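Asker: Dropping in run_0.tsv, with TSV, C-alpha atoms.
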```tsv
chain	number	residue	atom	x	y	z
A	1	MET	CA	35.19	34.05	-3.74
A	2	THR	CA	31.68	33.19	-4.75
A	3	ASP	CA	29.54	31.31	-2.29
A	4	GLU	CA	26.44	30.39	-4.22
A	5	LEU	CA	23.44	28.51	-2.95
A	6	ARG	CA	22.78	25.71	-5.46
A	7	ILE	CA	19.35	24.16	-5.69
A	8	GLY	CA	18.93	21.79	-8.62
A	9	ASN	CA	20.29	23.66	-11.63
A	10	ARG	CA	19.64	27.07	-10.05
A	11	ARG	CA	22.18	29.40	-8.41
A	12	PHE	CA	21.50	32.07	-5.80
A	13	ASN	CA	23.57	34.59	-3.89
A	14	SER	CA	21.04	35.13	-1.10
A	15	ARG	CA	20.44	32.44	1.51
A	16	PHE	CA	17.31	34.04	2.90
A	17	ILE	CA	14.09	32.54	1.54
A	18	LEU	CA	11.09	34.64	2.45
A	19	GLY	CA	7.50	33.54	2.84
A	20	SER	CA	5.08	36.09	1.43
A	21	GLY	CA	2.13	35.38	3.74
A	22	LYS	CA	0.66	37.49	6.54
A	23	PHE	CA	1.84	40.94	5.47
A	24	SER	CA	0.10	43.54	3.39
A	25	LEU	CA	0.79	43.60	-0.33
A	26	ASP	CA	2.05	47.19	-0.05
A	27	MET	CA	4.86	46.00	2.17
A	28	THR	CA	5.95	43.07	0.02
A	29	LYS	CA	8.48	44.95	-2.09
A	30	ALA	CA	10.18	46.74	0.81
A	31	VAL	CA	10.45	43.53	2.80
A	32	MET	CA	12.00	41.61	-0.08
A	33	GLU	CA	14.43	44.39	-0.90
A	34	ASN	CA	15.47	44.91	2.73
A	35	GLY	CA	15.99	41.18	3.10
A	36	GLY	CA	18.08	40.95	-0.08
A	37	VAL	CA	15.79	38.08	-0.95
A	38	GLU	CA	16.09	36.15	-4.22
A	39	ILE	CA	13.51	33.42	-3.52
A	40	ALA	CA	10.00	34.02	-2.21
A	41	THR	CA	7.36	31.40	-1.48
A	42	LEU	CA	3.74	31.69	-2.57
A	43	ALA	CA	0.61	29.62	-2.11
A	44	VAL	CA	-1.98	28.54	-4.71
A	45	ARG	CA	-5.63	29.26	-3.94
A	46	ARG	CA	-8.90	29.84	-5.75
A	47	ALA	CA	-8.47	33.06	-7.70
A	48	ASN	CA	-10.07	36.30	-6.69
A	49	GLU	CA	-12.94	37.68	-8.68
A	50	LYS	CA	-13.05	41.17	-10.13
A	51	GLY	CA	-10.58	43.83	-9.32
A	52	GLU	CA	-8.83	42.23	-6.38
A	53	GLU	CA	-5.11	42.79	-6.30
A	54	ASN	CA	-2.63	40.08	-7.21
A	55	ILE	CA	0.53	39.46	-5.25
A	56	LEU	CA	2.53	38.98	-8.46
A	57	ASP	CA	2.09	42.70	-9.13
A	58	TYR	CA	3.90	43.48	-5.87
A	59	ILE	CA	6.87	41.13	-6.08
A	60	PRO	CA	10.05	42.74	-7.46
A	61	ALA	CA	11.04	41.58	-10.96
A	62	GLY	CA	13.77	39.00	-11.14
A	63	LEU	CA	12.79	37.19	-7.96
A	64	THR	CA	12.51	33.41	-8.14
A	65	LEU	CA	9.11	32.19	-7.03
A	66	LEU	CA	8.81	29.05	-4.98
A	67	PRO	CA	5.18	27.94	-4.85
A	68	ASN	CA	4.20	25.67	-1.99
A	69	THR	CA	1.61	22.91	-1.89
A	70	SER	CA	0.00	24.16	1.31
A	71	GLY	CA	-3.51	22.84	1.74
A	72	ALA	CA	-2.49	19.39	0.48
A	73	ARG	CA	-3.29	16.50	2.84
A	74	ASN	CA	-1.74	13.74	0.74
A	75	ALA	CA	0.69	13.21	-2.13
A	76	GLU	CA	-1.98	13.32	-4.84
A	77	GLU	CA	-3.28	16.69	-3.68
A	78	ALA	CA	0.27	18.04	-3.50
A	79	VAL	CA	0.90	16.94	-7.09
A	80	ARG	CA	-2.35	18.56	-8.22
A	81	ILE	CA	-1.39	21.87	-6.61
A	82	ALA	CA	2.15	21.68	-8.00
A	83	MET	CA	0.83	21.13	-11.53
A	84	LEU	CA	-1.46	24.16	-11.21
A	85	ALA	CA	1.43	26.21	-9.82
A	86	ARG	CA	3.58	25.32	-12.82
A	87	GLU	CA	0.72	26.19	-15.15
A	88	LEU	CA	0.64	29.64	-13.55
A	89	GLY	CA	3.93	30.12	-15.34
A	90	CYS	CA	6.49	30.94	-12.69
A	91	GLY	CA	8.96	28.13	-13.11
A	92	ASP	CA	9.35	24.57	-11.95
A	93	MET	CA	10.48	24.89	-8.34
A	94	ILE	CA	8.05	23.51	-5.76
A	95	LYS	CA	8.05	23.36	-1.98
A	96	VAL	CA	6.16	20.22	-1.04
A	97	GLU	CA	4.11	20.80	2.09
A	98	ILE	CA	1.70	18.04	3.14
A	99	ILE	CA	-0.10	18.46	6.44
A	100	ARG	CA	-2.82	16.40	8.06
A	101	ASP	CA	-2.46	17.78	11.56
A	102	SER	CA	-4.43	20.97	12.00
A	103	ARG	CA	-3.17	21.91	15.47
A	104	TYR	CA	0.62	21.72	15.22
A	105	LEU	CA	0.73	21.76	11.41
A	106	LEU	CA	3.37	19.06	11.35
A	107	PRO	CA	4.25	17.58	7.96
A	108	ASP	CA	3.49	14.00	6.93
A	109	ASN	CA	6.88	12.59	5.92
A	110	CYS	CA	5.47	9.43	4.29
A	111	GLU	CA	3.18	11.30	1.90
A	112	THR	CA	5.93	13.87	1.33
A	113	ILE	CA	8.33	11.16	0.15
A	114	LYS	CA	5.68	9.90	-2.30
A	115	ALA	CA	4.98	13.40	-3.61
A	116	THR	CA	8.69	14.13	-3.96
A	117	ARG	CA	9.11	11.11	-6.23
A	118	MET	CA	6.04	11.92	-8.33
A	119	LEU	CA	7.06	15.56	-8.79
A	120	ALA	CA	10.73	14.85	-9.45
A	121	ASP	CA	9.57	12.41	-12.17
A	122	GLU	CA	7.53	15.27	-13.64
A	123	GLY	CA	10.66	17.41	-13.87
A	124	PHE	CA	10.12	19.69	-10.89
A	125	ILE	CA	12.90	21.00	-8.67
A	126	VAL	CA	11.45	19.53	-5.48
A	127	MET	CA	12.06	20.98	-2.03
A	128	PRO	CA	10.20	18.94	0.59
A	129	TYR	CA	9.20	20.50	3.91
A	130	MET	CA	9.65	17.76	6.47
A	131	MET	CA	9.91	16.61	10.06
A	132	PRO	CA	13.67	16.26	10.64
A	133	ASP	CA	14.24	12.54	10.48
A	134	LEU	CA	17.35	11.16	8.81
A	135	SER	CA	15.78	8.13	7.20
A	136	ALA	CA	12.91	10.18	5.76
A	137	ALA	CA	15.41	12.76	4.49
A	138	ARG	CA	17.39	9.97	2.80
A	139	SER	CA	14.23	8.66	1.16
A	140	MET	CA	13.43	12.17	-0.11
A	141	ALA	CA	16.95	12.47	-1.50
A	142	ASP	CA	16.58	9.07	-3.20
A	143	ALA	CA	13.19	10.18	-4.55
A	144	GLY	CA	14.83	13.11	-6.33
A	145	ALA	CA	14.62	16.05	-3.90
A	146	SER	CA	16.88	19.00	-4.74
A	147	ALA	CA	16.95	20.30	-1.15
A	148	ILE	CA	15.59	19.18	2.21
A	149	MET	CA	13.53	21.60	4.30
A	150	PRO	CA	13.27	20.39	7.91
A	151	LEU	CA	11.24	22.37	10.40
A	152	GLY	CA	12.81	24.13	13.37
A	153	ALA	CA	9.50	24.33	15.26
A	154	PRO	CA	5.79	24.35	14.32
A	155	ILE	CA	4.86	26.71	11.48
A	156	GLY	CA	4.19	30.24	12.64
A	157	SER	CA	5.25	29.54	16.24
A	158	ASN	CA	8.44	31.68	16.35
A	159	LYS	CA	9.82	29.12	18.83
A	160	GLY	CA	13.18	28.73	17.13
A	161	LEU	CA	15.52	25.88	16.37
A	162	LEU	CA	13.99	23.24	18.64
A	163	THR	CA	15.11	20.43	16.32
A	164	LYS	CA	18.70	21.63	16.01
A	165	ASP	CA	20.45	18.33	16.78
A	166	PHE	CA	18.32	16.41	14.29
A	167	ILE	CA	18.80	18.99	11.55
A	168	LYS	CA	22.55	18.78	12.14
A	169	ILE	CA	22.42	15.02	11.59
A	170	ILE	CA	20.75	15.55	8.21
A	171	ILE	CA	23.32	18.20	7.28
A	172	ASP	CA	26.15	15.81	8.18
A	173	GLU	CA	24.73	12.80	6.37
A	174	LEU	CA	23.23	14.20	3.15
A	175	ASP	CA	24.87	15.95	0.23
A	176	LEU	CA	21.80	18.09	-0.49
A	177	PRO	CA	21.28	21.66	0.71
A	178	VAL	CA	19.40	21.64	4.01
A	179	ILE	CA	17.16	24.66	4.46
A	180	VAL	CA	15.56	25.18	7.84
A	181	ASP	CA	11.92	26.04	7.30
A	182	ALA	CA	9.27	26.95	9.85
A	183	GLY	CA	9.52	28.02	13.45
A	184	ILE	CA	12.47	30.37	13.18
A	185	GLY	CA	11.37	33.43	15.13
A	186	ARG	CA	14.48	35.55	15.72
A	187	PRO	CA	17.54	36.54	13.69
A	188	SER	CA	19.74	34.90	16.34
A	189	GLN	CA	18.03	31.57	15.60
A	190	ALA	CA	18.52	32.03	11.86
A	191	CYS	CA	22.17	32.79	12.51
A	192	GLU	CA	22.52	29.65	14.61
A	193	ALA	CA	20.95	27.54	11.86
A	194	MET	CA	23.48	28.90	9.39
A	195	GLU	CA	26.37	28.36	11.81
A	196	ILE	CA	25.63	24.64	12.03
A	197	GLY	CA	25.68	24.39	8.23
A	198	CYS	CA	22.19	24.99	6.95
A	199	ALA	CA	22.38	26.13	3.33
A	200	ALA	CA	19.63	28.72	3.79
A	201	VAL	CA	16.87	29.82	6.13
A	202	MET	CA	13.23	30.25	5.25
A	203	ALA	CA	11.14	32.60	7.40
A	204	ASN	CA	7.80	34.33	7.18
A	205	THR	CA	5.94	34.77	10.46
A	206	ALA	CA	9.04	36.01	12.28
A	207	ILE	CA	9.12	38.99	9.93
A	208	ALA	CA	5.38	39.41	9.48
A	209	THR	CA	4.72	39.61	13.23
A	210	ALA	CA	7.54	42.06	13.98
A	211	GLY	CA	6.78	45.63	15.01
A	212	ASN	CA	8.88	47.00	12.15
A	213	ILE	CA	8.56	44.50	9.34
A	214	PRO	CA	11.08	45.88	6.79
A	215	MET	CA	13.68	46.39	9.53
A	216	MET	CA	13.24	42.82	10.73
A	217	ALA	CA	13.77	41.60	7.16
A	218	LYS	CA	17.09	43.46	7.20
A	219	ALA	CA	17.98	41.94	10.58
A	220	PHE	CA	17.37	38.45	9.19
A	221	LYS	CA	19.51	39.18	6.14
A	222	LEU	CA	22.43	40.26	8.33
A	223	ALA	CA	22.01	37.33	10.73
A	224	ILE	CA	21.95	34.80	7.90
A	225	GLU	CA	25.05	36.33	6.33
A	226	ALA	CA	26.82	36.34	9.71
A	227	GLY	CA	25.91	32.72	10.36
A	228	ARG	CA	27.08	31.67	6.91
A	229	ALA	CA	30.41	33.47	7.36
A	230	ALA	CA	30.80	31.81	10.76
A	231	PHE	CA	30.12	28.37	9.28
A	232	LEU	CA	32.65	28.94	6.49
A	233	SER	CA	35.23	30.11	9.05
A	234	LYS	CA	34.88	26.82	10.98
A	235	PRO	CA	33.90	27.84	14.53
A	236	GLY	CA	36.50	27.24	17.24
A	237	ARG	CA	36.44	24.45	19.76
A	238	ILE	CA	34.58	24.51	23.07
A	239	LEU	CA	36.22	23.74	26.43
A	240	HIS	CA	33.68	22.20	28.75
A	241	ASN	CA	35.33	22.14	32.15
A	242	ARG	CA	38.15	24.66	32.18
A	243	GLY	CA	39.28	27.98	30.78
A	244	GLU	CA	42.24	28.90	28.63
A	245	ALA	CA	43.91	32.28	28.90
A	246	SER	CA	43.70	34.48	25.83
A	247	SER	CA	46.56	36.70	27.02
A	248	PRO	CA	50.13	35.44	27.43
A	249	LEU	CA	50.77	34.11	30.95
A	250	THR	CA	54.47	34.97	30.97
A	251	GLY	CA	56.58	38.07	30.34
A	252	PHE	CA	55.59	40.24	33.33
A	253	LEU	CA	55.15	39.93	37.08
A	254	GLU	CA	56.81	36.50	36.91
A	255	GLY	CA	58.06	36.93	40.41
A	256	ALA	CA	54.67	37.72	41.87
A	257	GLU	CA	53.86	34.18	43.06
B	1	MET	CA	-21.93	24.73	-14.01
B	2	LYS	CA	-19.76	24.88	-10.92
B	3	VAL	CA	-16.96	27.45	-10.67
B	4	ASN	CA	-14.68	27.37	-7.61
B	5	GLY	CA	-17.33	25.41	-5.74
B	6	LYS	CA	-20.21	27.78	-6.50
B	7	HIS	CA	-23.03	27.38	-8.97
B	8	LEU	CA	-22.82	29.72	-11.94
B	9	GLU	CA	-25.37	29.99	-14.68
B	10	LEU	CA	-23.97	29.02	-18.05
B	11	ILE	CA	-25.17	31.00	-21.04
B	12	PRO	CA	-23.82	29.10	-24.05
B	13	PRO	CA	-21.70	29.36	-25.99
B	14	MET	CA	-19.13	30.18	-23.33
B	15	THR	CA	-15.43	29.38	-23.49
B	16	VAL	CA	-12.95	29.22	-20.64
B	17	GLU	CA	-11.62	32.56	-21.87
B	18	ASP	CA	-15.13	34.10	-21.67
B	19	LEU	CA	-15.55	32.79	-18.14
B	20	ILE	CA	-12.24	34.28	-16.97
B	21	LEU	CA	-12.88	37.66	-18.56
B	22	ASN	CA	-16.56	37.81	-17.48
B	23	THR	CA	-15.53	37.33	-13.87
B	24	GLY	CA	-12.93	40.10	-14.02
B	25	ARG	CA	-9.89	37.87	-13.81
B	26	ARG	CA	-6.69	38.10	-15.82
B	27	GLN	CA	-5.70	35.17	-18.03
B	28	ASP	CA	-2.01	35.59	-17.23
B	29	ARG	CA	-2.71	35.37	-13.48
B	30	VAL	CA	-4.74	32.17	-13.34
B	31	ALA	CA	-4.53	28.46	-13.98
B	32	VAL	CA	-7.65	26.49	-14.84
B	33	GLU	CA	-8.75	22.96	-14.11
B	34	LEU	CA	-11.78	21.69	-16.03
B	35	ASN	CA	-13.28	18.55	-14.51
B	36	GLY	CA	-9.95	17.81	-12.84
B	37	LYS	CA	-7.81	18.34	-15.94
B	38	ILE	CA	-5.55	21.35	-16.43
B	39	ILE	CA	-6.38	23.43	-19.48
B	40	PRO	CA	-3.31	25.14	-20.99
B	41	ARG	CA	-3.64	28.91	-21.39
B	42	SER	CA	-3.35	28.53	-25.17
B	43	GLU	CA	-6.61	26.54	-25.19
B	44	TYR	CA	-8.79	28.92	-23.14
B	45	ALA	CA	-10.27	30.53	-26.21
B	46	CYS	CA	-11.21	27.27	-27.89
B	47	THR	CA	-12.48	25.28	-24.89
B	48	LEU	CA	-16.27	25.38	-24.65
B	49	LEU	CA	-17.99	24.91	-21.30
B	50	LYS	CA	-21.00	22.68	-20.64
B	51	GLU	CA	-23.73	22.81	-17.97
B	52	ASP	CA	-22.37	19.85	-16.00
B	53	ASP	CA	-18.75	21.11	-15.97
B	54	SER	CA	-16.83	21.79	-12.82
B	55	VAL	CA	-14.18	24.50	-13.11
B	56	GLU	CA	-11.45	25.54	-10.71
B	57	ILE	CA	-9.71	28.86	-11.33
B	58	VAL	CA	-6.65	29.35	-9.13
B	59	GLY	CA	-3.92	31.92	-8.70
B	60	PHE	CA	-1.03	32.81	-6.42
B	61	VAL	CA	-1.54	34.36	-2.99
B	62	GLY	CA	0.89	35.17	-0.22
B	63	GLY	CA	2.04	32.11	1.69
B	64	GLY	CA	4.97	30.64	3.53
```
Once more with this new file: its structure as C-alpha cells, please.
Answerer:
Amino acid sequence: MTDELRIGNRRFNSRFILGSGKFSLDMTKAVMENGGVEIATLAVRRANEKGEENILDYIPAGLTLLPNTSGARNAEEAVRIAMLARELGCGDMIKVEIIRDSRYLLPDNCETIKATRMLADEGFIVMPYMMPDLSAARSMADAGASAIMPLGAPIGSNKGLLTKDFIKIIIDELDLPVIVDAGIGRPSQACEAMEIGCAAVMANTAIATAGNIPMMAKAFKLAIEAGRAAFLSKPGRILHNRGEASSPLTGFLEGAE
Amino acid sequence: MKVNGKHLELIPPMTVEDLILNTGRRQDRVAVELNGKIIPRSEYACTLLKEDDSVEIVGFVGGG
C-alpha cells in the first residue's frame, strides 16, 4: 500500500521536512540522508561575494527545495522574496513565513492570508506557516493554500506540541495536509503530532542543536514513521476512570474467591 | 550604484552579467532585482547598469 504525502500536484514518500539552518554545510548531506528527507527548506538572502560556499552544492540531488519567505514582515515582502526564490530556479513551492514579532517570532496570520492569495494567484504551491487558528486556516485554504503549517511552539524553542488541541481542530475541519512546523524539539513530540493526524512534521533546531546531529535526524525519521503508522492503525480508546483486564478473567482459580 | 545596500563604483559599460562575474558569484546561484524588478537570467548579458541603479543579488542559504 502506498501512503504518499500529497502537496498540490506533488507526491512524496517521506513525511519529514527538514530545515537546513543552523548546521554546518558539511553535515547537510548526512543529515538529509539519515532523515530520509525528500523536502528541505531554505531561506533567501543577499548572495555571498567571492568564493563562499553555496548550500545548493551540499544538498543531495533529487531533493525538493521549499524556500521560505523568512525576513518578510508583510504580504508584499513575502511575495517579493517568493518571486526571487522562484527565479533562483528550484521550483514553485513556497513556505510563507511573515513575522513582525522579534521576541517570540510568532507569525502574522492576517498578512499570511493575503500573501497566500497573492502567491496562489501567481501559480505557487503555497504552504503558509501560521498560528493555529481554525478561521485563519480556513481563510488560507480559501485563498489557495496547498497545505497548512501551524506552529507547535515558538520557532527554535524545542518546547514541543504546545498547540496540540488547536492543531487537531484544523486537522479535523480542513481537507488540506496539516504540517506541524516550529517548536518540535524531540522525536516523541514529532511522533505525537503524526499520531493525531498531521500529514508531516517540519523540524530544524531540534536536529541542529542535538549532540549527534545525523543520529537525531534518524531518530526523527523513525518517530515520524511510527506516528504515521499509529495514526493509520486508528489508536485504541482510552478508559478514564477504570481498568480493563487484558488477560481472561475466567478459566483458572475460579474457586479462589 | 548600490549593490546589496553598499555603494559600488560603476565603470561603464557594465552589464548585470559583468557585475555578477566581477564579484565572484555564479549566475546559476543568484537571482537579481534591478530597481525592484526581477531580471531573468537570460537577460543578464544584455542589461546595462547605470550610476543611479540599485541592485539586489540574492541566493539560497540554510534556513528553517
Asker: Can you list every residue of chain A that has an atom at most 8 Å from chain B, with its nearest atom pair and the distance in Å to one decimal, using only C-alpha atoms, ordered by chain then number, as a Markdown table?
Answerer:
```
| residue | atom | partner | partner_atom | distance |
| --- | --- | --- | --- | --- |
| A:Leu18 | CA | B:Gly64 | CA | 7.4 |
| A:Gly19 | CA | B:Gly64 | CA | 3.9 |
| A:Ser20 | CA | B:Gly62 | CA | 4.6 |
| A:Gly21 | CA | B:Gly63 | CA | 3.9 |
| A:Lys22 | CA | B:Gly62 | CA | 7.2 |
| A:Thr41 | CA | B:Gly64 | CA | 5.6 |
| A:Leu42 | CA | B:Gly63 | CA | 4.6 |
| A:Ala43 | CA | B:Gly63 | CA | 4.8 |
| A:Val44 | CA | B:Phe60 | CA | 4.7 |
| A:Arg45 | CA | B:Val58 | CA | 5.3 |
| A:Arg46 | CA | B:Val58 | CA | 4.1 |
| A:Ala47 | CA | B:Val58 | CA | 4.4 |
| A:Asn48 | CA | B:Arg25 | CA | 7.3 |
| A:Glu49 | CA | B:Thr23 | CA | 5.8 |
| A:Lys50 | CA | B:Gly24 | CA | 4.0 |
| A:Gly51 | CA | B:Gly24 | CA | 6.4 |
| A:Asn54 | CA | B:Val61 | CA | 7.2 |
| A:Ile55 | CA | B:Val61 | CA | 6.0 |
| A:Leu56 | CA | B:Phe60 | CA | 7.4 |
| A:Asn68 | CA | B:Gly64 | CA | 7.5 |
| A:Leu84 | CA | B:Ala31 | CA | 6.0 |
| A:Ala85 | CA | B:Ala31 | CA | 7.6 |
| A:Glu87 | CA | B:Ala31 | CA | 5.8 |
| A:Leu88 | CA | B:Ala31 | CA | 5.3 |
| A:Ala203 | CA | B:Gly64 | CA | 7.5 |
| A:Asn204 | CA | B:Gly64 | CA | 5.9 |
```
Asker: State, in Å with one decimal place, the distance from CA of Pro150 (chain A) to CA of Gly91 (chain A).
Answerer: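 Between CA of Pro150 (chain A) and CA of Gly91 (chain A) the gap is 22.8 Å.
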Asker: For Ser188 (chain A), list every protein, DNA or RNA residue within 9 Å, evaluated using only C-alpha atoms, and leave out those in the same chain fewer than 5 positions away; present the list as a list in words.
Answerer: Ala193, Phe220, Ala223, Ile224 and Gly227 of chain A
Asker: Which residues, protein or nucleic acid, reach to within 12 Å of (11.5, 18.0, -13.1) in the file's coordinates when using all atoms listed in the file, and can you give that as a PyMOL selection string?
Answerer: chain A and resi 8-9+82-83+86+91-94+116-127+143-146
Asker: Which residues are near Ala75 (chain A)? Cut-off 10 Å, only C-alpha atoms, ignore same chain within fewer than 3 positions. Put them as a list in words.
Answerer: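 The contact residues come out as Thr69, Ala72, Ala78, Val79, Arg80, Ile81, Val96, Glu97, Ile98, Asp108, Cys110, Glu111, Thr112, Ile113, Lys114, Ala115, Thr116, Arg117, Met118 and Leu119 of chain A.
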Asker: Skip Glu192 (chain A) itself and residues of its chain fewer than 5 positions away, then list as a PyMOL selection string all residues within 12 Å of it, counting all atoms listed in the file.
Answerer: chain A and resi 152+160-165+167-168+180+184-187+197-201+220+223-231+235
Asker: When you count only C-alpha atoms, which of these residues is closest to Asp181 (chain A): A:Lys95, A:Arg100, A:Arg10, A:Lys221?
Answerer: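 Closest candidate: A:Lys95.
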Asker: Interatomic distance between CA of Leu176 (chain A) and CA of Pro128 (chain A)?
Answerer: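 Answer for the CA of Leu176 (chain A) to CA of Pro128 (chain A) separation: 11.7 Å.
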Asker: Record the distance separating CA of Leu63 (chain A) and CA of Glu38 (chain A), expressed in Å with one decimal.
Answerer: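 Going from CA of Leu63 (chain A) over to CA of Glu38 (chain A), I get 5.1 Å.
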Asker: For each of B:Asn35, B:Met14, B:Lys6, B:Met1, take the minimum atom-to-atom distance to Thr47 (chain B), counting all atoms listed in the file, then give the residue where this is smallest.
Answerer: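 Counting all atoms listed in the file, the residue closest to Thr47 (chain B) is B:Met14.
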Asker: Using all atoms listed in the file, find the one residue out of A:Ile17, A:Ile99, A:Met140, A:Ala208 that sits nearest to Pro67 (chain A).
Answerer: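 For Pro67 (chain A), the nearest of the candidates is A:Ile17.
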Asker: Between A:Pro177, A:Ala153, A:Met194, A:Ser14, single out the one closest to Lys234 (chain A), counting all atoms listed in the file.
Answerer: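 Closest to Lys234 (chain A) of all the choices is A:Met194.
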